[in-house]
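Trainee: Supplied structure: entry.txt, compact mmCIF, C-alpha atoms.
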# COMPACT_ATOMS: atom_id res chain seq x y z
CA MET K 1 41.63 248.43 -73.95
CA GLU K 2 44.38 247.98 -71.38
CA LEU K 3 43.37 248.64 -67.77
CA ASP K 4 46.38 250.60 -66.54
CA GLY K 5 45.08 254.02 -65.47
CA ARG K 6 41.51 253.28 -66.54
CA VAL K 7 38.49 253.85 -64.29
CA VAL K 8 36.55 250.62 -63.80
CA VAL K 9 33.12 250.42 -62.16
CA VAL K 10 32.34 246.98 -60.72
CA THR K 11 28.85 246.23 -59.40
CA GLY K 12 28.33 243.45 -56.89
CA ALA K 13 31.90 244.15 -55.75
CA SER K 14 31.47 243.16 -52.10
CA SER K 15 32.18 239.45 -52.69
CA GLY K 16 32.63 236.65 -55.20
CA ILE K 17 33.14 237.45 -58.87
CA GLY K 18 32.84 241.19 -58.31
CA GLU K 19 35.48 241.28 -55.60
CA ALA K 20 37.82 239.06 -57.62
CA THR K 21 37.35 241.31 -60.66
CA ALA K 22 38.11 244.43 -58.63
CA ARG K 23 41.30 242.88 -57.30
CA ARG K 24 42.34 241.70 -60.76
CA ALA K 25 41.70 245.11 -62.31
CA ALA K 26 43.58 246.86 -59.51
CA ALA K 27 46.56 244.55 -60.11
CA GLU K 28 46.49 245.72 -63.74
CA GLY K 29 46.75 249.36 -62.62
CA ALA K 30 43.07 250.31 -62.86
CA ARG K 31 41.28 252.74 -60.60
CA LEU K 32 38.14 251.21 -59.12
CA VAL K 33 34.62 252.27 -58.26
CA LEU K 34 33.17 249.55 -56.04
CA ALA K 35 29.36 249.27 -55.97
CA ALA K 36 27.16 246.94 -53.89
CA ARG K 37 24.66 247.13 -51.05
CA ARG K 38 27.00 245.91 -48.29
CA ALA K 39 28.79 249.13 -47.42
CA GLU K 40 31.11 247.71 -44.76
CA ARG K 41 32.52 245.11 -47.13
CA LEU K 42 33.00 247.71 -49.86
CA GLU K 43 34.85 250.04 -47.50
CA ARG K 44 37.09 247.21 -46.35
CA LEU K 45 37.95 246.25 -49.92
CA ALA K 46 38.55 249.89 -50.87
CA GLU K 47 40.98 250.22 -47.97
CA GLU K 48 42.84 247.10 -49.09
CA LEU K 49 43.16 248.50 -52.60
CA GLY K 50 44.47 251.80 -51.28
CA GLY K 51 43.89 255.10 -53.04
CA ARG K 52 42.97 253.30 -56.25
CA ALA K 53 39.41 252.50 -55.11
CA LEU K 54 36.24 254.38 -54.22
CA ALA K 55 33.39 252.62 -52.40
CA VAL K 56 29.91 253.69 -53.50
CA PRO K 57 27.14 251.74 -51.72
CA THR K 58 24.48 251.15 -54.36
CA ASP K 59 21.20 249.28 -54.69
CA MET K 60 21.17 248.46 -58.39
CA ARG K 61 17.36 248.32 -58.40
CA ASP K 62 17.15 252.03 -57.58
CA PRO K 63 17.57 254.33 -60.63
CA ALA K 64 18.64 257.28 -58.47
CA GLN K 65 21.36 255.25 -56.75
CA VAL K 66 22.63 253.88 -60.07
CA ARG K 67 22.89 257.40 -61.49
CA HIS K 68 24.71 258.47 -58.34
CA MET K 69 27.18 255.60 -58.82
CA ALA K 70 28.17 256.92 -62.25
CA GLU K 71 28.26 260.54 -61.04
CA ALA K 72 30.49 259.54 -58.11
CA ALA K 73 32.94 257.87 -60.50
CA LEU K 74 33.11 260.97 -62.67
CA GLY K 75 33.30 263.32 -59.71
CA HIS K 76 36.12 261.41 -58.03
CA PHE K 77 38.21 260.25 -60.99
CA GLY K 78 37.10 262.60 -63.77
CA ARG K 79 36.29 259.83 -66.24
CA LEU K 80 34.64 256.42 -66.58
CA ASP K 81 36.13 253.79 -68.88
CA VAL K 82 34.76 250.36 -67.98
CA LEU K 83 31.54 249.02 -66.48
CA VAL K 84 31.35 245.45 -65.17
CA ASN K 85 27.69 244.60 -64.55
CA ASN K 86 28.08 241.76 -62.07
CA ALA K 87 25.43 242.35 -59.37
CA GLY K 88 22.71 239.71 -59.46
CA GLN K 89 20.76 237.12 -57.53
CA GLY K 90 19.75 233.52 -58.20
CA TYR K 91 16.30 231.97 -57.98
CA HIS K 92 16.31 228.20 -58.36
CA VAL K 93 12.80 226.79 -58.20
CA PRO K 94 10.69 224.77 -60.66
CA VAL K 95 8.58 226.82 -63.06
CA GLU K 96 5.32 225.77 -61.39
CA ALA K 97 6.64 227.06 -58.05
CA VAL K 98 7.78 230.49 -59.27
CA ALA K 99 6.30 233.25 -57.09
CA LEU K 100 5.61 236.39 -59.08
CA ALA K 101 6.88 238.74 -56.35
CA ASP K 102 10.18 236.85 -56.09
CA PHE K 103 10.57 236.68 -59.86
CA GLN K 104 9.91 240.41 -60.14
CA ALA K 105 12.61 241.16 -57.54
CA VAL K 106 15.15 239.03 -59.42
CA VAL K 107 14.22 240.67 -62.73
CA GLU K 108 14.74 244.09 -61.17
CA LEU K 109 18.26 243.19 -60.04
CA ASN K 110 19.37 240.96 -62.93
CA VAL K 111 17.83 242.90 -65.83
CA TYR K 112 16.71 246.39 -64.81
CA GLY K 113 19.91 247.03 -62.82
CA PRO K 114 22.35 246.33 -65.66
CA LEU K 115 20.15 248.29 -68.06
CA LEU K 116 20.13 251.30 -65.73
CA ALA K 117 23.89 251.07 -65.30
CA MET K 118 24.50 250.95 -69.06
CA GLN K 119 22.24 253.96 -69.53
CA ALA K 120 24.19 255.83 -66.84
CA VAL K 121 27.68 255.17 -68.25
CA VAL K 122 27.09 255.43 -71.99
CA PRO K 123 26.92 259.27 -72.19
CA PRO K 124 30.28 259.86 -70.45
CA MET K 125 31.89 257.03 -72.40
CA ARG K 126 30.61 258.53 -75.64
CA ARG K 127 32.03 261.94 -74.69
CA GLN K 128 35.40 260.32 -73.98
CA GLY K 129 35.42 258.58 -77.34
CA GLY K 130 34.86 255.02 -76.15
CA GLY K 131 34.64 252.51 -73.33
CA ALA K 132 33.93 248.91 -72.46
CA ILE K 133 30.93 247.21 -70.83
CA VAL K 134 31.02 243.60 -69.65
CA ASN K 135 27.76 242.03 -68.51
CA VAL K 136 27.89 238.91 -66.35
CA SER K 137 25.26 236.45 -67.52
CA SER K 138 24.97 232.80 -66.45
CA GLY K 139 26.13 229.44 -67.68
CA THR K 140 22.67 228.04 -66.92
CA LEU K 141 21.78 229.12 -70.47
CA TYR K 142 24.31 226.53 -71.68
CA MET K 143 23.13 223.78 -69.33
CA PRO K 144 19.75 222.71 -70.76
CA SER K 145 19.59 219.50 -68.76
CA LEU K 146 19.74 221.32 -65.41
CA ALA K 147 16.50 221.35 -63.40
CA GLY K 148 14.93 224.27 -61.54
CA VAL K 149 16.71 227.25 -63.07
CA GLY K 150 14.16 228.39 -65.66
CA ALA K 151 13.13 231.68 -64.04
CA TYR K 152 16.70 232.69 -63.22
CA ALA K 153 17.96 231.69 -66.67
CA ALA K 154 15.17 233.77 -68.21
CA THR K 155 16.55 236.91 -66.55
CA LYS K 156 20.03 236.15 -67.85
CA ALA K 157 18.69 235.48 -71.35
CA ALA K 158 17.09 238.91 -71.23
CA LEU K 159 20.42 240.42 -70.22
CA GLY K 160 22.06 238.67 -73.17
CA ALA K 161 19.49 240.14 -75.58
CA LEU K 162 20.02 243.63 -74.18
CA SER K 163 23.78 243.17 -74.48
CA ALA K 164 23.58 242.06 -78.12
CA ALA K 165 21.44 245.06 -79.03
CA ALA K 166 23.67 247.49 -77.14
CA ARG K 167 26.78 246.06 -78.81
CA ARG K 168 25.36 246.88 -82.24
CA GLU K 169 24.00 250.28 -81.23
CA LEU K 170 27.16 251.52 -79.49
CA ALA K 171 29.84 250.19 -81.83
CA ALA K 172 30.04 253.46 -83.76
CA ASP K 173 30.79 255.28 -80.47
CA GLY K 174 33.78 253.06 -79.75
CA ILE K 175 31.97 251.34 -76.87
CA THR K 176 32.25 247.55 -76.77
CA VAL K 177 29.59 245.47 -75.00
CA SER K 178 30.55 241.92 -74.08
CA VAL K 179 29.06 239.06 -72.07
CA VAL K 180 30.66 236.41 -69.89
CA TYR K 181 28.81 233.18 -69.11
CA PRO K 182 30.30 231.72 -65.90
CA PHE K 183 30.04 228.09 -64.92
CA VAL K 184 29.16 227.14 -61.32
CA THR K 185 31.48 229.36 -59.29
CA ALA K 186 32.73 228.93 -55.72
CA THR K 187 31.22 232.08 -54.15
CA GLU K 188 28.50 233.09 -51.68
CA PHE K 189 26.02 233.38 -54.55
CA HIS K 190 24.37 230.00 -54.00
CA ARG K 191 23.94 230.70 -50.28
CA SER K 192 21.95 233.87 -50.90
CA LEU K 193 19.39 232.80 -53.49
CA ARG K 194 16.05 234.56 -53.65
CA GLY K 195 14.45 231.14 -53.36
CA GLY K 196 15.23 227.45 -53.70
CA GLU K 197 18.70 225.95 -53.78
CA LEU K 198 21.22 224.87 -56.35
CA ARG K 199 20.59 221.24 -57.20
CA LEU K 200 22.84 219.88 -59.87
CA GLN K 201 20.46 217.11 -60.87
CA ALA K 202 19.21 216.75 -64.42
CA GLN K 203 15.72 216.91 -65.82
CA PRO K 204 13.96 213.50 -65.99
CA GLY K 205 15.47 211.46 -68.78
CA ALA K 206 18.64 213.58 -68.95
CA SER K 207 22.06 213.18 -67.41
CA ALA K 208 24.07 215.81 -65.58
CA PRO K 209 27.88 215.66 -65.74
CA SER K 210 29.91 215.99 -62.57
CA VAL K 211 30.67 219.50 -61.35
CA GLN K 212 33.85 221.06 -60.03
CA ALA K 213 33.15 224.70 -59.25
CA ASP K 214 35.38 227.35 -60.78
CA PRO K 215 37.16 229.86 -58.54
CA PRO K 216 35.88 233.44 -58.99
CA GLU K 217 39.32 234.42 -60.24
CA ARG K 218 38.70 232.42 -63.43
CA VAL K 219 35.68 234.60 -64.20
CA ALA K 220 37.63 237.75 -63.29
CA ASP K 221 40.34 236.76 -65.77
CA ALA K 222 37.69 236.26 -68.46
CA ILE K 223 36.17 239.68 -67.74
CA VAL K 224 39.55 241.42 -67.99
CA GLY K 225 40.20 239.49 -71.19
CA LEU K 226 36.96 240.79 -72.70
CA VAL K 227 37.86 244.38 -71.81
CA ARG K 228 41.19 243.91 -73.55
CA SER K 229 39.90 242.16 -76.66
CA GLY K 230 36.45 243.69 -77.10
CA GLU K 231 35.16 240.27 -78.13
CA GLU K 232 31.45 239.60 -77.90
CA GLU K 233 31.43 236.79 -75.35
CA VAL K 234 33.27 234.16 -73.37
CA VAL K 235 31.57 230.94 -72.26
CA LEU K 236 33.12 229.16 -69.28
CA VAL K 237 30.73 226.19 -69.26
CA PRO K 238 32.35 222.83 -70.15
CA SER K 239 31.13 221.47 -73.46
CA SER K 240 29.99 218.29 -71.70
CA TRP K 241 27.01 220.19 -70.28
CA GLY K 242 25.11 220.57 -73.54
CA ARG K 243 24.40 222.56 -76.64
CA ARG K 244 25.11 226.20 -77.35
CA PRO K 245 21.95 228.32 -77.16
CA GLN K 246 20.76 229.98 -80.34
CA PRO K 247 19.60 233.61 -80.52
CA PRO K 248 15.87 234.29 -80.88
CA GLY K 249 14.59 233.77 -84.41
CA SER K 250 17.58 231.74 -85.54
Mind turning this structure into structure tokens?

Mentor:
Amino acid sequence: MELDGRVVVVTGASSGIGEATARRAAAEGARLVLAARRAERLERLAEELGGRALAVPTDMRDPAQVRHMAEAALGHFGRLDVLVNNAGQGYHVPVEAVALADFQAVVELNVYGPLLAMQAVVPPMRRQGGGAIVNVSSGTLYMPSLAGVGAYAATKAALGALSAAARRELAADGITVSVVYPFVTATEFHRSLRGGELRLQAQPGASAPSVQADPPERVADAIVGLVRSGEEEVVLVPSSWGRRPQPPGS
């Protein structure tokens, strides 16, 4: 799918990967629906993108607000072609220190939110004869030596499983579901963790390669590439970080 003239919904669009993706899609001629909780930032970005963008403040943990996001896209642009599920939050603490309330909040944003968004956009995409969904997972699944990311990685593994199932279920409707696995990215993400901090040290007995963070534009390019190709996934983690994860039951 080419983006020129398409309607693209980007969640977590107020900064980082989401903002970079919105700008990249707009440069390709797309019309944008920008969703995030920080309304002022969304409005500012929408103004920069001109009449091609609609800001829809949305808490992705709230089913009613997620449904409203999809309805606003349809009401304003008359169609909905692409969903980029980017909104999420990190939680970098050792397993023994995981607080259930914090873990639940991260699950709600990282797993429930993308699920709700997919459920909201699939019916209009099906009526249109197709669409594209790109879910933003995490390269922590490809970095087994990294310490303190178990709970966060678990939420992204769940998103990957949902994505794989949705890809199979929606293929006959002409809807592609793809996943991007970013490496460490130079954004505000690591300054707004639910708990803990990013520590790029390895587990005892393991070694951690050096890290040079990717710019968010690299992830945005990968997302646009997945929309175009319909491929299942793109992994941006350097091979030096470890093995490729295997699906459950493999």

Trainee: If you take all atoms listed in the file and a cut-off of 12 Å, which residues of region 35-100 of chain K touch region 211-234 of chain K, and what are their nearest atom pairs and distances in Å to one decimal, in chain and number order, as a tab-separated table?

Mentor:
residue	atom	partner	partner_atom	distance
K:Asp81	CA	K:Val227	CA	10.0
K:Val82	CA	K:Val227	CA	7.7
K:Leu83	CA	K:Val227	CA	9.5
K:Val84	CA	K:Ile223	CA	7.9
K:Asn85	CA	K:Ile223	CA	10.3
K:Asn86	CA	K:Ile223	CA	10.1

Trainee: What does the file look like for those residues with C-alpha atoms, as a PDB file, in the frame of the given file?

Mentor:
ATOM      1  CA  ASP K  81      36.130 253.790 -68.880  1.00  0.00           C
ATOM      2  CA  VAL K  82      34.760 250.360 -67.980  1.00  0.00           C
ATOM      3  CA  LEU K  83      31.540 249.020 -66.480  1.00  0.00           C
ATOM      4  CA  VAL K  84      31.350 245.450 -65.170  1.00  0.00           C
ATOM      5  CA  ASN K  85      27.690 244.600 -64.550  1.00  0.00           C
ATOM      6  CA  ASN K  86      28.080 241.760 -62.070  1.00  0.00           C
TER       7      ASN K  86
END

Trainee: Which residue, K:Ala117, K:Val134, K:Ala147, K:Ala26, has the smallest gap to Ala64 (chain K) when you use all atoms listed in the file?

Mentor: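 Going through K:Ala117, K:Val134, K:Ala147, K:Ala26 one by one, the smallest distance to Ala64 (chain K) is for K:Ala117.
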
Trainee: Do you have the CA of Ile133 (chain K)-CA of Ser239 (chain K) distance handy?

Mentor: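 Going from CA of Ile133 (chain K) over to CA of Ser239 (chain K), I get 25.9 Å.
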
Trainee: Excluding Thr140 (chain K) and residues on its chain fewer than 4 positions from it, collect all residues at most 9 Å away from it, counting all atoms listed in the file, and give them as a list in words.

Mentor: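 The neighbour list is Pro144, Leu146, Val149, Gly150, Tyr152, Ala153, Lys156, Tyr181, Pro182, Phe183, Val184 and Val237 of chain K.
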
Trainee: Store the residues picked out above in a file with C-alpha atoms, as a PDB file, in the frame of the given file.

Mentor:
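Heads up, here's the output in out20.pdb:
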ATOM      1  CA  PRO K 144      19.750 222.710 -70.760  1.00  0.00           C
ATOM      2  CA  LEU K 146      19.740 221.320 -65.410  1.00  0.00           C
ATOM      3  CA  VAL K 149      16.710 227.250 -63.070  1.00  0.00           C
ATOM      4  CA  GLY K 150      14.160 228.390 -65.660  1.00  0.00           C
ATOM      5  CA  TYR K 152      16.700 232.690 -63.220  1.00  0.00           C
ATOM      6  CA  ALA K 153      17.960 231.690 -66.670  1.00  0.00           C
ATOM      7  CA  LYS K 156      20.030 236.150 -67.850  1.00  0.00           C
ATOM      8  CA  TYR K 181      28.810 233.180 -69.110  1.00  0.00           C
ATOM      9  CA  PRO K 182      30.300 231.720 -65.900  1.00  0.00           C
ATOM     10  CA  PHE K 183      30.040 228.090 -64.920  1.00  0.00           C
ATOM     11  CA  VAL K 184      29.160 227.140 -61.320  1.00  0.00           C
ATOM     12  CA  VAL K 237      30.730 226.190 -69.260  1.00  0.00           C
TER      13      VAL K 237
END

Trainee: Name the residues within 9 Å of (38.1, 257.6, -61.7), counting only C-alpha atoms in the file's coordinates, and put them as a list in words.

Mentor: Gly5, Arg6, Val7, Val8, Val9, Ala30, Arg31, Leu32, Val33, Arg52, Ala53, Leu54, Ala72, Ala73, Leu74, Gly75, His76, Phe77, Gly78, Arg79, Leu80 and Asp81 of chain K

Trainee: Just the residues within 10 Å of Leu116 (chain K), please, counting only C-alpha atoms, with nothing from its chain fewer than 4 positions along; format it as a list in words.

Mentor: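 Close residues of Leu116 (chain K): Met60, Arg61, Asp62, Pro63, Ala64, Gln65, Val66, Arg67, Val111, Tyr112, Ala120 and Val121 of chain K.
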